[in-house]
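Asker: Have a look at the structure that comes next, please.
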Amino acid sequence: MSGVSVKGVELLSRWLLVLLVLLAPRHGNTHPQCLDYKPPFQPREPLVFCKEYAKFGCCDLEKDDKISQNFYKIMDYFDYSGYVTCAKYIRTILCQECSPYSAHLYDAEDANTPMRELPGLCGDYCSEFWHQCRYTISLLTDNNATVGIEDDRNKFCNFLELKDREYCYPNVLSDDKLNANLGDVRADPEGCLQLCLQEVANGLRNPVAMVHADDGTHRFFVAEQLGYVWTYLSNGSRIDRPFLNLTKAVLTSPWAGDERGFLCMALHPRFTVVRKAYVYYSVSVKKEERIRISEFTLSADDMNQLDHSSERTILEVVEPASNHNGGQLLFGHDGYLYIFIGDGGRAGDPFGKFGNSQNKSTLLGKVLRLDVDNNDDMDPYSIPSDNPFLGEKSSLPEIYAYGVRNMWRCSIDRGDPITGQGRGRLFCGDVGQNKFEEVDLIVKGGNYGWRAKEGFSCYDNRLCRNSSLDDILPIFAYPHKLGKSVTGGYIYRGCQMPNLNGLYIFGDFMSGRLMSLKENQSTGKWEYKEMCMGKGQTCRFPKLINSYYKYIISFAEDEAGELYFLATGAPSASARAGVIYKIVDPSRRAPPGKCSFKPTLVKIKGKLIPFHPTEEFVIDKKPMTTAMPTTTARTTATTTLRTPLTTMRSTTTRPTYRPPTATLKATAKPATTRATVKPSTMRATIKPLTTRATVKPAATPSNPTSMQQRPTGTATPALTTSWRQVMTARPGHATTLSRQRTSLSYTRPTVTPKPRPLLTTGARRPSPPTARPLTLPQPHDTVRPPPLGVTTNRPQTTPRPMYWTAGTKPTTQRPNFILSKAQDKLLKGQSDKIDRSTRNRVNKKERGSKPGKQRRRKHRAGSVRLISAEQLSDRGRVEIYIRGEWGTVCDDLFSSKAATVVCQQLGFPVALRVAKRAELGGGSGSILLDDVECEGTERTLLDCKRAKVGKHNCAHDEDVGVVCGYYHDEDK
């Protein structure tokens, strides 16, 4: 019996251990994220106020300063003892916007649900906050839910507490597992680096290449295997006229896996001056298959189209078989054109005694280098004087390197953006025979071993033992259990994802694997890391996806150096299953503003086709541009809806790959982050802490609470005229208090107590701070406060606080046309009355109509009106009539051009001003339009680019207002 009991106990213990492992938090499924749904960053300049996030977080110096200003506005309500007691809590709570885990603390991971106004606190910390400073919560939020909860700790902490103990404050920053390697690319338990993707283009037929002009326009050109090349602008839209159309000349077929067709294009490195493009494609000449390299000149009338009549053949090579066509063109940093040609096809390079690749009297199986400059009045190309085999007998002078099998996708390293290290290196993926795939670093005159070697192993033993082979081994080779057809990639040298700098990212066409190599600077060896799609919460943010089509055809970089890959779900030149994906690191980004650019203007002839993603974004938000025309068919995909925060961290992820030929239907509208269009209107910052004071009631004669409307001669508590107290805190250390001037220079931790009237009995709101003189206190007048970490004789639980003053929170000075909250409420109550009065004025009874009946005017779709609290006809909140109802317009992207459309609809010649963020009142009905972009010449807002009717993620505090007039100067 005892033996059985021991066994039972052991078995039970094992089951408990397994259960604990299964229930343990999966830290690897959550990445740090900011309130703008983007990864954290290292600020370009150190933070001054929220110092604990100066190395890595979600705030730059500008945001840090706004938080600091908001802190001091709040602290103006406190006397000296209140400052000492509560400042550390208020500062800590405000600074959580800068935390690298702010998205988790504010429950902002799901963009479809309301975000918390205050960060989620851990239970113990919330109880401590309640005991010390419970009545300060009304200063931190405008939410009416805080009314009446200060005296009940359970209600108070139910409002503030975040139940997930791993992600509440302060636990989130003290968890070693969460913060280990914070900001680095995170690997899954198998060591696979987790990345995310952004869909850039779709509906392509085997997209084989993507190149840019390096001319400041940031457009890129995408080639399809059929022979089309399309122009895409930096906003994602495509020009409907092809940049090049060689479909009648290109030799290809709809067979899956056919290697023939239009294979590559390269633009001259001085394209803005030379205006030439070079293409690589398959042709049939008298039933003989050939590779043709041709030159085209840019059209004189259209900067987005080549002159099809200008084709000039540079080089033709006969193909003995229909496979191993090579297919890479690129310009090196030396200005020469490099051409990569396959070995001629069939298995094992059976041509001649040693095969084509080792035979330098043929161009097959070679890397060629040509000089195509200054060729207008002479031969189509010349031989660079330093080509390695220029003077060698029986060797063709075009050859730069040899011994290659079928190099598919090569790239030039831009070099480290700071040191320039690696600049000009030439990387290639060389497709193997039946055992190994390899990545090579191409050098002048190099022999890459085929057919003697395949990867590191011997393929032809007789050739492999030849001591004169002197071949160059690959920097990396992998067996066919990982993949069977390498697709060469790029060294990442972009700006947006600093973690990826120096990483060579490539893939495999057959297995769909994404892989990477990193050079070890000390040994010179290349270390391999597989790359996979982020799991769990990692990619569940706007514009990001974590699945892609399996067949990776090519890689590309844009003008800014950001990295992309081109893939398809059906490897046929006739299937519109091709998609372009941008590679995104969810762990870290560059500081805001560092990577911004303004594209050069592109003159367009023809129409623009807006981009609409086929893959539903993980978060259901608006498309990047306007919706596709209803006549255009599009392929869409389905993803799983977001789960609540309490369950999403254990949710299984979507499959990595989608079925190659499935046509799926979207269940929700694809998402975009507003940060890419207009950061100030993102949901994550709908109610920033730094502007909360501005939504309080404006001062009126009966309620003179505005801090800017004080009697003449009194001082405003502005940062420019007073000394401030600055608190610096680090996790695990006592919070310190110091004095700060607006120049952000620090002095010894001293403070001048500010005289405050005590809180009257029963009062729950502070009064305006006492006016202070403009003269600054001298150092010898200051009184040193006790450090905030030191316990004083004050009670541990505070009664109704005696250290903060009565009254309402200060409000920022508003222009006289901004409505107060009381006026907003009045407006909401009167909107229906205004509508009725408008109808009564317009729809008078007509002769012959029956008594007591009125004919209601039928509004046309797109009709607009301005709703004004003062019932003014020339200004107010914009409302639009669509689908039989009136609704409001969100201020996202709404510019003066859109305002002009509204005003002209209403009979006014000009729009004087766009009033955003509901400063002319918020509506109470539906929000019907969002992301409205007009040229200013449209008849109605419905004729402008916009999101779909009713599709938005706005609130009525973002309703747009317009002021119309007859002159451009409103004062006239």
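Going through the structure tokens in order, the chains are called A, B, and so on, while each chain numbers its residues from 1 and the ligands are numbered from 1 in the order shown.
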Report the closest atom pair, with its distance in Å rounded to one decimal, for each residue of region 124-235 of chain A that has an atom no farther than 10 Å from region 562-583 of chain A; count only C-alpha atoms, sort by chain and then rising residue number, and write it as a tab-separated table.
Answerer:
residue	atom	partner	partner_atom	distance
A:Leu195	CA	A:Ile583	CA	7.1
A:Cys196	CA	A:Ile583	CA	6.3
A:Leu197	CA	A:Ile583	CA	4.9
A:Gln198	CA	A:Lys582	CA	5.0
A:Glu199	CA	A:Tyr581	CA	4.7
A:Val200	CA	A:Ile580	CA	5.4
A:Ala201	CA	A:Ile580	CA	5.1
A:Asn202	CA	A:Val579	CA	4.2
A:Gly203	CA	A:Arg576	CA	4.7
A:Leu204	CA	A:Gly578	CA	4.4
A:Arg205	CA	A:Arg576	CA	4.6
A:Asn206	CA	A:Ala573	CA	5.3
A:Pro207	CA	A:Gly578	CA	6.0
A:Val208	CA	A:Leu566	CA	7.2
A:Ala209	CA	A:Leu566	CA	7.7
A:Met210	CA	A:Leu566	CA	8.2
A:Val222	CA	A:Ile580	CA	9.3
A:Glu224	CA	A:Ala573	CA	7.6
A:Gln225	CA	A:Ala573	CA	5.7
A:Leu226	CA	A:Ala573	CA	5.9
A:Gly227	CA	A:Ala573	CA	9.5
Asker: For the residues selected in the previous step, produce a file with N, CA and C atoms as a PDB file, in the first residue's frame.
Answerer:
ATOM      1  N   LEU A 195       8.902  38.022 -36.563  1.00  0.00           N
ATOM      2  CA  LEU A 195       8.677  39.264 -37.292  1.00  0.00           C
ATOM      3  C   LEU A 195       7.215  39.359 -37.698  1.00  0.00           C
ATOM      4  N   CYS A 196       6.830  40.518 -38.170  1.00  0.00           N
ATOM      5  CA  CYS A 196       5.484  40.738 -38.697  1.00  0.00           C
ATOM      6  C   CYS A 196       5.600  41.255 -40.132  1.00  0.00           C
ATOM      7  N   LEU A 197       4.477  41.350 -40.794  1.00  0.00           N
ATOM      8  CA  LEU A 197       4.459  41.792 -42.189  1.00  0.00           C
ATOM      9  C   LEU A 197       3.403  42.878 -42.370  1.00  0.00           C
ATOM     10  N   GLN A 198       3.595  43.648 -43.413  1.00  0.00           N
ATOM     11  CA  GLN A 198       2.599  44.615 -43.852  1.00  0.00           C
ATOM     12  C   GLN A 198       2.372  44.409 -45.337  1.00  0.00           C
ATOM     13  N   GLU A 199       1.132  44.211 -45.723  1.00  0.00           N
ATOM     14  CA  GLU A 199       0.818  44.000 -47.136  1.00  0.00           C
ATOM     15  C   GLU A 199       0.914  45.321 -47.882  1.00  0.00           C
ATOM     16  N   VAL A 200       1.611  45.293 -49.029  1.00  0.00           N
ATOM     17  CA  VAL A 200       1.885  46.523 -49.775  1.00  0.00           C
ATOM     18  C   VAL A 200       1.190  46.536 -51.131  1.00  0.00           C
ATOM     19  N   ALA A 201       1.128  45.396 -51.808  1.00  0.00           N
ATOM     20  CA  ALA A 201       0.488  45.300 -53.122  1.00  0.00           C
ATOM     21  C   ALA A 201      -0.033  43.878 -53.279  1.00  0.00           C
ATOM     22  N   ASN A 202      -1.015  43.707 -54.140  1.00  0.00           N
ATOM     23  CA  ASN A 202      -1.600  42.376 -54.323  1.00  0.00           C
ATOM     24  C   ASN A 202      -2.202  42.254 -55.713  1.00  0.00           C
ATOM     25  N   GLY A 203      -2.786  41.090 -55.982  1.00  0.00           N
ATOM     26  CA  GLY A 203      -3.410  40.851 -57.277  1.00  0.00           C
ATOM     27  C   GLY A 203      -2.427  40.746 -58.420  1.00  0.00           C
ATOM     28  N   LEU A 204      -1.160  40.429 -58.123  1.00  0.00           N
ATOM     29  CA  LEU A 204      -0.120  40.362 -59.144  1.00  0.00           C
ATOM     30  C   LEU A 204       0.050  38.943 -59.662  1.00  0.00           C
ATOM     31  N   ARG A 205       0.470  38.839 -60.913  1.00  0.00           N
ATOM     32  CA  ARG A 205       0.692  37.527 -61.537  1.00  0.00           C
ATOM     33  C   ARG A 205       2.183  37.217 -61.501  1.00  0.00           C
ATOM     34  N   ASN A 206       2.548  36.364 -60.535  1.00  0.00           N
ATOM     35  CA  ASN A 206       3.954  36.017 -60.321  1.00  0.00           C
ATOM     36  C   ASN A 206       4.853  37.258 -60.352  1.00  0.00           C
ATOM     37  N   PRO A 207       4.780  38.093 -59.330  1.00  0.00           N
ATOM     38  CA  PRO A 207       5.671  39.265 -59.283  1.00  0.00           C
ATOM     39  C   PRO A 207       7.115  38.812 -59.097  1.00  0.00           C
ATOM     40  N   VAL A 208       7.961  39.072 -60.084  1.00  0.00           N
ATOM     41  CA  VAL A 208       9.324  38.546 -60.075  1.00  0.00           C
ATOM     42  C   VAL A 208      10.354  39.576 -59.629  1.00  0.00           C
ATOM     43  N   ALA A 209      10.026  40.852 -59.676  1.00  0.00           N
ATOM     44  CA  ALA A 209      11.019  41.870 -59.325  1.00  0.00           C
ATOM     45  C   ALA A 209      10.327  43.145 -58.898  1.00  0.00           C
ATOM     46  N   MET A 210      10.988  43.875 -58.012  1.00  0.00           N
ATOM     47  CA  MET A 210      10.529  45.195 -57.574  1.00  0.00           C
ATOM     48  C   MET A 210      11.770  46.078 -57.455  1.00  0.00           C
ATOM     49  N   VAL A 222       7.062  47.239 -60.252  1.00  0.00           N
ATOM     50  CA  VAL A 222       6.890  45.808 -60.003  1.00  0.00           C
ATOM     51  C   VAL A 222       6.682  45.106 -61.336  1.00  0.00           C
ATOM     52  N   GLU A 224       5.811  41.682 -63.539  1.00  0.00           N
ATOM     53  CA  GLU A 224       5.128  40.390 -63.539  1.00  0.00           C
ATOM     54  C   GLU A 224       5.778  39.485 -64.582  1.00  0.00           C
ATOM     55  N   GLN A 225       5.712  38.200 -64.346  1.00  0.00           N
ATOM     56  CA  GLN A 225       6.352  37.231 -65.249  1.00  0.00           C
ATOM     57  C   GLN A 225       5.775  37.305 -66.662  1.00  0.00           C
ATOM     58  N   LEU A 226       4.537  37.731 -66.784  1.00  0.00           N
ATOM     59  CA  LEU A 226       3.911  37.839 -68.107  1.00  0.00           C
ATOM     60  C   LEU A 226       4.570  38.892 -68.983  1.00  0.00           C
ATOM     61  N   GLY A 227       5.155  39.923 -68.367  1.00  0.00           N
ATOM     62  CA  GLY A 227       5.769  40.980 -69.163  1.00  0.00           C
ATOM     63  C   GLY A 227       5.273  42.365 -68.851  1.00  0.00           C
TER      64      GLY A 227
END
Asker: Mind checking which residues fall within 10 Å of Phe129 (chain A), counting only C-alpha atoms, ignoring those fewer than 2 positions away in the same chain, and posting them as a list in words?
Answerer: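 Result of the neighbour search: Cys86, Lys88, Tyr89, Ile90, Leu121, Gly123, Asp124, Tyr125, Cys126, Ser127, His131, Gln132, Cys133, Arg134, Tyr135, Thr136, Ile137, Arg153, Phe156, Cys157 and Thr797 of chain A.
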Asker: Keeping only C-alpha atoms, take the residues you just selected and write them out as a compact mmCIF listing (two decimals), in the first residue's frame.
Answerer:
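As a result, selection09.txt now contains:
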# COMPACT_ATOMS: atom_id res chain seq x y z
CA CYS A 86 0.75 62.74 -3.91
CA LYS A 88 5.01 60.74 -6.81
CA TYR A 89 1.76 58.89 -7.62
CA ILE A 90 0.57 61.45 -10.13
CA LEU A 121 -2.32 49.39 -11.65
CA GLY A 123 -3.80 45.70 -6.62
CA ASP A 124 -1.23 46.49 -3.92
CA TYR A 125 -0.13 49.69 -5.60
CA CYS A 126 -3.75 50.76 -6.13
CA SER A 127 -4.52 50.23 -2.43
CA HIS A 131 -4.89 55.27 1.13
CA GLN A 132 -2.64 58.22 0.33
CA CYS A 133 -4.28 60.23 -2.45
CA ARG A 134 -7.67 58.80 -3.31
CA TYR A 135 -9.28 62.18 -4.06
CA THR A 136 -6.77 63.11 -6.75
CA ILE A 137 -8.27 60.74 -9.29
CA ARG A 153 -11.57 51.19 -2.01
CA PHE A 156 -11.77 52.66 -6.65
CA CYS A 157 -9.41 49.79 -7.43
CA THR A 797 -5.10 57.06 5.26
